[in-house]
Amino acid sequence: MTQALALSDFLAAPGVLLDVRSPAEFAQGHIPGAISFPLFTDDERAQVGTCYKQQGRDAAVELGFALAGPKFAGFITQARSLAGNGPVRLHCWRGGMRSEAVAWVLGMGGLSVTTLVGGYKTFRRWALTVPAWTRPIWILGGMTGTGKTAVLHALAERGEQVLDLEAIAHHRGSSFGMLGQPPQPTNEQFENEIAVRWAGFDPTRPVWIEAESKRIGLCRVPEPLFRQMDRAAVLELVRPQAERLEILVRDYGGFSTDDLVAATERIRKRLGGLRTQEAIALLQARRLPEAFDLLLTYYDKTYTYDLTRRSVPRYPIEVAGLSAAECGDRLLAFARALPATVSEDPPALCDLALTPDG
């Protein structure tokens with residue numbers, strides 16, 4: 001049995017999700033959770049496309065069946081191993097011949113198949129609109145080394161809605177951000193992942209997002225989402241310098257000296273030649289707290305500049321000596337007393353601080 005569904009029903013439907021486009025198309029961007037299940041290899045797709053342009057549709061269809069036909073039995077076996085006894089969802093670029101052909105083959109093999117009306121192209125149109133959907137937001141701020149990412153995870157563990165942009169981007173956002181991370185996704189895939197998560201959030205509850213610049217490594221935060229982030233109030237973690245250095249040594253001390261030096265070299269122009277050389281010498285001597293203390297002169301200036309640029313409420317929250325879990329509890333206690341809103345005209349900067357006794 002085969003049926004075609006509109007996007008919202010297709011995404012909500014059960015079953016393994018197969019993307020029958022070529023491997024290169026899949027690598028450029030795909031629906032999160034999809035499995036690459038190509039009808040054609042990249043080279044075969046190019047052959048069919050050239051045939052279509054030079055000889056027309058009928059000749060291209062004939063070539064397509066000649067290339068794909070010997071694979072049909074394998075498609076059924078592979079799909080069964082992925083889906084078990086469950087249904088299969090599949091799509092191509094426009095919801096045309098490629099998905100129809102694979103759906104026919106799998107249907108003949110006894111599988112229940114659902115296709116996507118309009119294909120991946122329809123999903124991409126939708127994904128580009130989603131970041132403009134408004135949500136109440138809390139921005140989790142704090143200077144480098146205050147442990148923001150760990151606190152964000154603690155909030156997620158407490159059932160809060162969290163958009164972890166750095167996790168999606170596979171990058172921690174600084175010159176050291178790629179250390180220990182898998183390769184970054186394409187920007188298209190970054191947008192796709194954000195869209196699915198953003199669409200899944202309850203619009204009546206706040207979303208926690210770590211303070212970020214427009215770019216996280218090579219990935220760009222969608223402009224409509226960044227505008228919402230830029231207007232949202234900031235809950236700012238405040239820790240003593242010594243604790244910040246402990247956190248940085250814990251997070252980055254396990255990487256090789258060469259990796260740390262290369263990351264430092266990437267900010268040479270902004271850090272200054274003399275400070276860069278001093279920091280590198282300290283790294284090479286594995287005097288990591290002193291090296292990171294020097295590097296913070298750059299990162300603290302950058303963070304302070306960004307704060308002064310944004311005319312939004314800012315709530316510094318003292319978290320000295322607190323674990324990530326304790327920070328999460330403190331943030332929630334504070335945030336529940338305030339509305340998390342996105343405003344076109346935010347109120348004036350507020351420096352209300354919450355102390356350990358407050």
# chains A, B, ... in the order shown; residues from 1 in each chain; ligands from 1
$ residues_around --residues "Asp329 of chain A" --least-positions-apart "6" --cutoff "9 Å" --atoms "only C-alpha atoms" --output "JSON, numbers by chain"
{"A": [154, 155, 158]}
$ residues_around --residues "Arg94 of chain A" --least-positions-apart "6" --cutoff "12 Å" --atoms "only C-alpha atoms" --output "count of residues only"
15
$ closest_atom_pairs --of "segment 134-197 of chain A" --to "segment 216-222 of chain A" --cutoff "12 Å" --atoms "only C-alpha atoms" --output "tab-separated table"
residue	atom	partner	partner_atom	distance
A:Leu163	CA	A:Val221	CA	11.8
A:Asp164	CA	A:Ile216	CA	11.5
A:Leu165	CA	A:Ile216	CA	8.1
A:Glu166	CA	A:Ile216	CA	6.9
A:Ala167	CA	A:Ile216	CA	10.2
A:Ile168	CA	A:Cys219	CA	9.4
A:Ala169	CA	A:Cys219	CA	6.3
A:His170	CA	A:Gly217	CA	8.5
A:His171	CA	A:Gly217	CA	6.1
A:Arg172	CA	A:Ile216	CA	7.3
A:Gly173	CA	A:Ile216	CA	4.8
A:Ser174	CA	A:Gly217	CA	7.6
A:Ser175	CA	A:Gly217	CA	8.2
A:Phe176	CA	A:Gly217	CA	9.9
A:Gly177	CA	A:Gly217	CA	7.4
A:Met178	CA	A:Gly217	CA	7.6
A:Leu179	CA	A:Gly217	CA	11.3
A:Gln181	CA	A:Gly217	CA	11.3
A:Pro183	CA	A:Leu218	CA	10.4
A:Gln184	CA	A:Leu218	CA	7.4
A:Pro185	CA	A:Cys219	CA	7.7
A:Thr186	CA	A:Cys219	CA	7.2
A:Asn187	CA	A:Cys219	CA	5.2
A:Glu188	CA	A:Cys219	CA	8.8
A:Gln189	CA	A:Cys219	CA	9.4
A:Phe190	CA	A:Cys219	CA	6.8
A:Glu191	CA	A:Pro222	CA	6.8
A:Asn192	CA	A:Pro222	CA	10.3
A:Glu193	CA	A:Val221	CA	11.3
A:Ile194	CA	A:Pro222	CA	8.7
A:Ala195	CA	A:Pro222	CA	9.5
$ closest_residue --among "A:Ala73, A:Pro14, A:Gly86, A:Val48" --to "Val61 of chain A" --atoms "only C-alpha atoms"
A:Val48
$ atom_distance --atom1 "atom CA of Ala199 of chain A" --atom2 "atom CA of Leu5 of chain A"
18.6 Å
